[in-house]
>>> print(open('start.cif').read())   # mmCIF, C-alpha atoms
data_input
#
loop_
_atom_site.label_atom_id
_atom_site.label_comp_id
_atom_site.auth_asym_id
_atom_site.auth_seq_id
_atom_site.Cartn_x
_atom_site.Cartn_y
_atom_site.Cartn_z
CA MET G 181 0.00 0.00 0.00
CA SER G 182 1.39 3.43 -0.90
CA ARG G 183 2.05 6.14 1.64
CA ALA G 184 -0.52 8.43 -0.03
CA ALA G 185 -3.22 5.89 0.69
CA VAL G 186 -2.64 5.95 4.46
CA THR G 187 -1.98 9.68 4.84
CA PRO G 188 -4.61 11.11 7.19
CA PRO G 189 -6.73 13.86 5.74
CA GLY G 190 -5.80 17.42 6.58
CA PRO G 191 -7.94 19.89 8.47
CA ALA G 192 -11.23 20.90 6.91
CA GLY G 193 -10.97 23.94 4.67
CA PRO G 194 -13.26 27.01 4.63
CA PRO G 195 -16.87 26.54 3.54
CA PHE G 196 -17.35 26.22 -0.14
CA PRO G 197 -18.06 29.70 -1.49
CA ARG G 198 -20.81 28.37 -3.75
CA SER G 199 -23.22 28.16 -0.78
CA VAL G 200 -22.58 31.83 0.05
CA ALA G 201 -23.22 32.80 -3.55
CA ARG G 202 -26.40 30.74 -3.50
CA GLY G 203 -27.62 32.57 -0.39
CA ARG G 204 -26.90 35.98 -1.87
CA ALA G 205 -28.65 35.02 -5.09
CA GLY G 206 -31.71 33.96 -3.10
CA LEU G 207 -31.67 37.25 -1.19
CA TRP G 208 -31.47 39.31 -4.37
CA ALA G 209 -34.21 37.20 -5.96
CA SER G 210 -36.45 37.91 -2.96
CA ILE G 211 -35.72 41.64 -3.16
CA VAL G 212 -36.46 41.73 -6.88
CA GLY G 213 -39.68 39.75 -6.37
CA VAL G 214 -40.88 42.12 -3.63
CA ALA G 215 -40.00 45.13 -5.78
CA ILE G 216 -41.94 43.75 -8.75
CA GLY G 217 -44.92 42.97 -6.50
CA LEU G 218 -44.90 46.47 -5.02
CA LEU G 219 -44.64 48.01 -8.47
CA PHE G 220 -47.54 45.89 -9.71
CA PHE G 221 -49.85 46.75 -6.81
CA LEU G 222 -48.82 50.36 -6.13
CA PHE G 223 -48.60 51.66 -9.69
CA PRO G 224 -52.42 51.95 -10.09
CA VAL G 225 -52.51 53.98 -6.87
CA TYR G 226 -49.68 56.19 -8.12
CA TRP G 227 -51.39 56.66 -11.49
CA MET G 228 -54.66 57.62 -9.79
CA LEU G 229 -52.92 60.23 -7.63
CA VAL G 230 -50.91 61.61 -10.55
CA THR G 231 -53.98 61.83 -12.77
CA SER G 232 -55.86 63.66 -10.03
CA VAL G 233 -53.36 66.55 -10.22
CA LYS G 234 -52.94 66.67 -14.02
CA PRO G 235 -54.46 69.45 -16.15
CA PRO G 236 -56.98 68.30 -18.78
CA SER G 237 -54.40 68.63 -21.54
CA GLU G 238 -52.31 65.83 -19.99
CA TRP G 239 -55.04 63.29 -19.26
CA LEU G 240 -54.76 61.36 -22.55
CA THR G 241 -51.38 62.36 -23.97
CA ASN G 242 -49.27 59.92 -25.97
CA PRO G 243 -46.76 59.14 -24.54
CA PRO G 244 -48.37 59.50 -21.11
CA VAL G 245 -47.12 62.03 -18.58
CA PHE G 246 -45.84 60.23 -15.47
CA ILE G 247 -44.73 63.38 -13.63
CA PRO G 248 -46.77 66.51 -14.41
CA ASP G 249 -44.89 69.77 -14.77
CA GLN G 250 -47.47 71.65 -12.75
CA LEU G 251 -49.91 70.41 -10.12
CA TYR G 252 -53.52 71.08 -11.06
CA PHE G 253 -55.70 70.97 -7.94
CA GLN G 254 -58.77 72.25 -9.74
CA ASN G 255 -59.76 68.60 -10.20
CA TYR G 256 -60.30 68.26 -6.45
CA THR G 257 -62.31 71.48 -6.31
CA ASP G 258 -64.53 70.31 -9.16
CA ALA G 259 -64.95 66.87 -7.60
CA LEU G 260 -65.92 68.27 -4.20
CA PHE G 261 -68.23 71.10 -5.20
CA ASN G 262 -69.27 70.75 -8.84
CA TRP G 263 -69.93 67.01 -8.73
CA GLY G 264 -71.20 66.73 -5.15
CA GLY G 265 -68.18 64.97 -3.72
CA LEU G 266 -68.50 66.73 -0.38
CA LYS G 267 -72.10 65.56 0.02
CA GLY G 268 -71.03 62.12 -1.16
CA LEU G 269 -68.41 61.92 1.58
CA VAL G 270 -70.98 62.88 4.20
CA ASP G 271 -73.62 60.44 2.94
CA SER G 272 -71.12 57.60 2.50
CA GLY G 273 -69.70 58.24 5.97
CA PHE G 274 -73.10 58.26 7.65
CA VAL G 275 -74.34 55.12 5.90
CA ALA G 276 -71.08 53.18 6.26
CA VAL G 277 -70.53 54.07 9.92
CA SER G 278 -74.16 53.35 10.85
CA ALA G 279 -74.28 50.01 9.05
CA THR G 280 -70.89 48.98 10.44
CA ALA G 281 -71.73 49.92 14.04
CA ILE G 282 -75.12 48.19 14.06
CA GLY G 283 -73.75 45.21 12.14
CA MET G 284 -70.86 44.77 14.58
CA VAL G 285 -73.20 44.73 17.60
CA LEU G 286 -75.73 42.29 16.15
CA GLY G 287 -73.19 40.20 14.24
CA THR G 288 -70.86 39.83 17.25
CA LEU G 289 -73.70 38.66 19.49
CA ALA G 290 -74.81 36.18 16.82
CA ALA G 291 -71.23 34.94 16.40
CA TYR G 292 -70.85 34.35 20.13
CA ALA G 293 -74.10 32.39 20.24
CA LEU G 294 -73.00 30.27 17.27
CA ALA G 295 -69.55 29.63 18.73
CA ARG G 296 -70.44 28.90 22.35
CA PHE G 297 -73.98 27.47 22.25
CA ARG G 298 -73.82 25.81 18.81
CA ILE G 299 -77.24 27.25 17.93
CA GLY G 300 -78.47 25.70 14.72
CA GLY G 301 -75.38 23.52 14.37
CA THR G 302 -73.41 23.72 11.15
CA ASN G 303 -76.54 24.19 9.04
CA LEU G 304 -77.30 27.65 10.43
CA SER G 305 -73.65 28.69 10.12
CA PHE G 306 -73.49 27.69 6.47
CA PHE G 307 -76.84 29.36 5.80
CA ILE G 308 -75.40 32.60 7.18
CA LEU G 309 -72.34 32.11 5.00
CA SER G 310 -74.50 31.47 1.94
CA LEU G 311 -76.07 34.91 2.31
CA LEU G 312 -72.70 36.40 1.40
CA PHE G 313 -72.63 34.43 -1.86
CA MET G 314 -75.81 36.04 -3.16
CA PRO G 315 -75.12 38.99 -5.49
CA PRO G 316 -77.10 42.14 -4.66
CA VAL G 317 -78.40 42.29 -8.24
CA ALA G 318 -80.29 39.03 -7.65
CA ILE G 319 -82.56 40.75 -5.12
CA GLY G 320 -82.58 44.13 -6.85
CA ILE G 321 -86.18 44.13 -8.09
CA PRO G 322 -87.90 42.86 -4.91
CA MET G 323 -85.64 45.09 -2.82
CA PHE G 324 -86.62 48.18 -4.81
CA LEU G 325 -90.34 47.26 -4.76
CA PHE G 326 -90.22 46.73 -0.99
CA TRP G 327 -88.64 50.09 -0.20
CA SER G 328 -90.75 51.83 -2.83
CA ALA G 329 -93.94 50.51 -1.22
CA LEU G 330 -92.76 51.97 2.10
CA GLY G 331 -91.90 55.28 0.47
CA LEU G 332 -88.29 55.04 1.67
CA VAL G 333 -86.39 54.92 -1.62
CA ASP G 334 -83.54 57.44 -1.67
CA THR G 335 -83.23 57.59 2.13
CA HIS G 336 -80.43 56.83 4.55
CA LEU G 337 -82.63 54.33 6.39
CA ALA G 338 -83.14 52.17 3.31
CA LEU G 339 -79.41 52.04 2.55
CA VAL G 340 -78.40 51.31 6.14
CA VAL G 341 -80.95 48.50 6.60
CA GLN G 342 -80.12 47.01 3.21
CA TYR G 343 -76.39 47.10 3.93
CA LEU G 344 -77.07 45.26 7.19
CA THR G 345 -78.40 42.26 5.26
CA PHE G 346 -74.82 41.63 4.16
CA THR G 347 -72.87 43.19 7.04
CA ILE G 348 -74.44 41.10 9.81
CA PRO G 349 -73.76 37.72 8.11
CA PHE G 350 -70.19 38.80 7.33
CA VAL G 351 -69.48 39.87 10.91
CA ALA G 352 -71.19 36.79 12.36
CA TRP G 353 -69.23 34.36 10.20
CA VAL G 354 -65.83 36.02 10.72
CA MET G 355 -66.22 36.59 14.47
CA LYS G 356 -67.50 33.04 14.95
CA GLY G 357 -64.08 31.71 13.99
CA PHE G 358 -62.35 34.12 16.36
CA PHE G 359 -64.58 33.19 19.29
CA GLU G 360 -64.03 29.48 18.66
CA ASP G 361 -60.27 30.05 19.00
CA LEU G 362 -60.61 31.78 22.37
CA PRO G 363 -60.20 29.42 25.36
CA VAL G 364 -63.28 29.09 27.56
CA ASP G 365 -61.36 28.76 30.85
CA ARG G 366 -61.64 32.43 31.82
CA GLU G 367 -65.32 32.55 30.92
CA GLU G 368 -66.00 29.51 33.07
CA SER G 369 -64.05 31.07 35.95
CA ALA G 370 -66.12 34.24 35.71
CA LEU G 371 -69.35 32.22 35.64
CA VAL G 372 -68.26 30.20 38.69
CA ASN G 373 -67.51 33.44 40.55
CA GLY G 374 -71.09 34.59 40.03
CA ALA G 375 -70.91 36.63 36.85
CA SER G 376 -73.76 36.39 34.39
CA ARG G 377 -73.20 35.18 30.85
CA LEU G 378 -73.56 38.72 29.53
CA ARG G 379 -71.11 40.03 32.15
CA ALA G 380 -68.57 37.37 31.25
CA PHE G 381 -68.99 38.19 27.59
CA TRP G 382 -68.44 41.91 28.23
CA ASP G 383 -65.57 41.67 30.73
CA VAL G 384 -63.72 38.58 29.50
CA VAL G 385 -64.49 37.74 25.89
CA LEU G 386 -64.61 41.18 24.26
CA PRO G 387 -61.28 42.46 25.71
CA ASN G 388 -59.50 39.34 24.47
CA ALA G 389 -61.13 39.62 21.04
CA ARG G 390 -60.39 43.33 20.61
CA PRO G 391 -57.91 42.92 17.71
CA ALA G 392 -60.38 40.65 15.90
CA LEU G 393 -63.19 43.15 16.48
CA VAL G 394 -61.12 46.00 15.03
CA ALA G 395 -60.07 43.98 11.97
CA THR G 396 -63.62 42.80 11.29
CA ALA G 397 -65.06 46.28 11.77
CA LEU G 398 -62.54 47.74 9.32
CA LEU G 399 -63.34 45.11 6.69
CA ALA G 400 -67.08 45.67 7.16
CA PHE G 401 -66.59 49.44 6.91
CA ILE G 402 -64.63 49.07 3.66
CA PHE G 403 -67.41 46.91 2.21
CA ASN G 404 -70.11 49.42 3.18
CA TRP G 405 -68.03 52.38 2.03
CA ASN G 406 -67.39 50.89 -1.43
CA GLU G 407 -70.82 49.32 -2.02
CA PHE G 408 -72.17 50.25 -5.45
CA SER G 409 -75.04 48.00 -6.59
CA ILE G 410 -77.44 48.71 -3.73
CA ALA G 411 -76.60 52.43 -3.80
CA VAL G 412 -77.46 52.66 -7.49
CA LEU G 413 -80.77 50.86 -7.01
CA LEU G 414 -81.93 52.84 -3.98
CA SER G 415 -80.47 56.31 -4.65
CA ARG G 416 -82.08 59.03 -6.72
CA GLY G 417 -80.47 62.32 -5.69
CA ARG G 418 -81.21 63.05 -2.05
CA VAL G 419 -78.76 60.40 -0.82
CA THR G 420 -75.68 60.15 -3.02
CA THR G 421 -72.77 58.02 -1.88
CA LEU G 422 -69.40 58.27 -3.58
CA PRO G 423 -69.74 55.05 -5.62
CA PHE G 424 -73.06 56.40 -6.92
CA ILE G 425 -71.49 59.71 -7.98
CA LEU G 426 -68.54 58.29 -9.92
CA PRO G 427 -70.51 56.96 -12.95
CA THR G 428 -72.25 60.32 -13.33
CA MET G 429 -68.87 61.92 -14.11
CA MET G 430 -68.65 60.12 -17.46
CA GLU G 431 -70.20 62.36 -20.08
CA SER G 432 -71.48 61.08 -23.40
CA HIS G 433 -68.52 62.31 -25.45
CA TYR G 434 -65.90 63.03 -22.83
CA VAL G 435 -64.67 61.34 -19.65
CA LEU G 436 -63.39 63.63 -16.91
CA TRP G 437 -60.45 61.46 -15.90
CA GLY G 438 -58.88 64.05 -13.63
CA ASP G 439 -62.10 64.67 -11.70
CA ILE G 440 -62.76 60.92 -11.46
CA ALA G 441 -59.24 60.30 -10.14
CA ALA G 442 -59.65 63.11 -7.62
CA MET G 443 -62.98 61.67 -6.45
CA ALA G 444 -61.44 58.20 -6.15
CA ALA G 445 -58.52 59.60 -4.14
CA LEU G 446 -60.91 61.39 -1.79
CA GLY G 447 -62.89 58.17 -1.38
CA ALA G 448 -59.79 56.13 -0.55
CA LEU G 449 -58.40 58.66 1.94
CA PRO G 450 -60.71 57.89 4.93
CA VAL G 451 -60.08 54.14 4.66
CA VAL G 452 -56.32 54.66 4.48
CA ILE G 453 -56.36 56.96 7.52
CA ILE G 454 -58.46 54.56 9.60
CA ALA G 455 -56.30 51.58 8.61
CA PHE G 456 -53.13 53.52 9.50
CA LEU G 457 -54.47 54.53 12.91
CA LEU G 458 -55.63 50.99 13.70
CA GLN G 459 -52.76 49.09 12.11
CA ARG G 460 -51.58 47.72 15.47
CA TYR G 461 -54.92 46.04 16.08
CA LEU G 462 -55.38 45.20 12.41
CA VAL G 463 -52.23 43.08 12.10
CA ARG G 464 -53.02 41.19 15.30
CA GLY G 465 -56.65 40.72 14.32
CA LEU G 466 -55.93 39.33 10.85
CA SER G 467 -53.45 36.84 12.35
CA PHE G 468 -55.70 35.98 15.29
CA GLY G 469 -55.93 32.22 15.68
CA ALA G 470 -53.43 31.51 12.91
CA ILE G 471 -51.16 29.71 15.39
CA ARG G 472 -52.98 27.46 17.81
CA SER G 473 -51.42 26.03 20.90
CA GLU G 474 -51.43 22.28 21.08
#
>>> encode(input="start.cif", output="structure tokens")
Amino acid sequence: MSRAAVTPPGPAGPPFPRSVARGRAGLWASIVGVAIGLLFFLFPVYWMLVTSVKPPSEWLTNPPVFIPDQLYFQNYTDALFNWGGLKGLVDSGFVAVSATAIGMVLGTLAAYALARFRIGGTNLSFFILSLLFMPPVAIGIPMFLFWSALGLVDTHLALVVQYLTFTIPFVAWVMKGFFEDLPVDREESALVNGASRLRAFWDVVLPNARPALVATALLAFIFNWNEFSIAVLLSRGRVTTLPFILPTMMESHYVLWGDIAAMAALGALPVVIIAFLLQRYLVRGLSFGAIRSE
């Protein structure tokens, strides 16, 4: 046997640089992927904001103007005062806040009953879920005839009550899952110590479900704020929400893109502000129950 065959191996050398290069390549691939995703999702928002401050001469230029030379805020003035955007903000805010507040109260109570008392079993829960599958257009004619017979077409009451037919099932179904993930030990302790079921629900369950309540309320508010089909069917001129106003800004031979973009930016602003102020609760609420303890 030769000496080379029995020579013990030397000390291990440095890690092979290929693994380091692989890790850096993966990091750069992740960065590029995130950048492309942000560009894809944020460019429409950027284009809306840019169009809202363009003069009419730059709305449909070829090639398009990505950065206007001069900011033209007349679009916002026209949207607010000439097209009724200010009244639309007030009407949309009143209807959305009212429907969200009432829907959260009734839907949360229904969700707690479904989660803790198993009322109706799975059949009732899936029936509530099925209400969300029904498009508003499917009930458009009977809905309009009902409110017309009551003389309440084009009123805040009709919109709020009609929005509740979708808000309450949404809140009940979402909050049911959150309540099922909450442990019942503290509730049982409160009941043993003499608290009523309602007291235990108020003092024990709701504080622990606060992030879920905030996240659900924000999602319900966004739905009510952006609702279009019901608003078109039940609005005539006295109550004009923002989604109802936007189609009226398209003239027969000319589309006011700058005014439409300004109106859309004004409509998105309240939701962005609320989401920013509640982001701490929103992140916790959306991830509530994602990791369950064994």
>>> atom_distance(input="start.cif", atom1="CA of Gln250 (chain G)", atom2="CA of Val435 (chain G)")
21.2 Å
>>> atom_distance(input="start.cif", atom1="CA of Trp405 (chain G)", atom2="CA of Leu330 (chain G)")
24.7 Å
>>> atom_distance(input="start.cif", atom1="CA of Ala291 (chain G)", atom2="CA of Val384 (chain G)")
15.5 Å
>>> resolve_selection(input="start.cif", expression="the PyMOL selection byres ((chain G and resi 229) around 10)", output="PyMOL selection string")
chain G and resi 223-228+230-234+438+441-442+444-446
>>> residues_around(input="start.cif", residues="region 366-374 of chain G", least_positions_apart="6", cutoff="12 Å", atoms="all atoms listed in the file", output="PyMOL selection string")
chain G and resi 296+359+380-388
>>> write_last_selection(input="start.cif", atoms="C-alpha atoms", output="mmCIF file, keeping the file's coordinate frame")
data_model
loop_
_atom_site.group_PDB
_atom_site.id
_atom_site.type_symbol
_atom_site.label_atom_id
_atom_site.label_comp_id
_atom_site.auth_asym_id
_atom_site.auth_seq_id
_atom_site.Cartn_x
_atom_site.Cartn_y
_atom_site.Cartn_z
ATOM 1 C CA ARG G 296 -70.440 28.900 22.350
ATOM 2 C CA PHE G 359 -64.580 33.190 19.290
ATOM 3 C CA ALA G 380 -68.570 37.370 31.250
ATOM 4 C CA PHE G 381 -68.990 38.190 27.590
ATOM 5 C CA TRP G 382 -68.440 41.910 28.230
ATOM 6 C CA ASP G 383 -65.570 41.670 30.730
ATOM 7 C CA VAL G 384 -63.720 38.580 29.500
ATOM 8 C CA VAL G 385 -64.490 37.740 25.890
ATOM 9 C CA LEU G 386 -64.610 41.180 24.260
ATOM 10 C CA PRO G 387 -61.280 42.460 25.710
ATOM 11 C CA ASN G 388 -59.500 39.340 24.470
#
>>> residues_around(input="start.cif", residues="region 267-272 of chain G", least_positions_apart="2", cutoff="7 Å", atoms="only C-alpha atoms", output="PyMOL selection string")
chain G and resi 264-265+274-276+405+419-422
>>> closest_residue(input="start.cif", among="G:Pro315, G:Gly283, G:Pro322, G:Gly301", to="Val340 (chain G)", atoms="all atoms listed in the file")
G:Gly283
>>> closest_residue(input="start.cif", among="G:Tyr434, G:Phe313, G:Phe456, G:Trp327", to="Leu240 (chain G)", atoms="all atoms listed in the file")
G:Tyr434
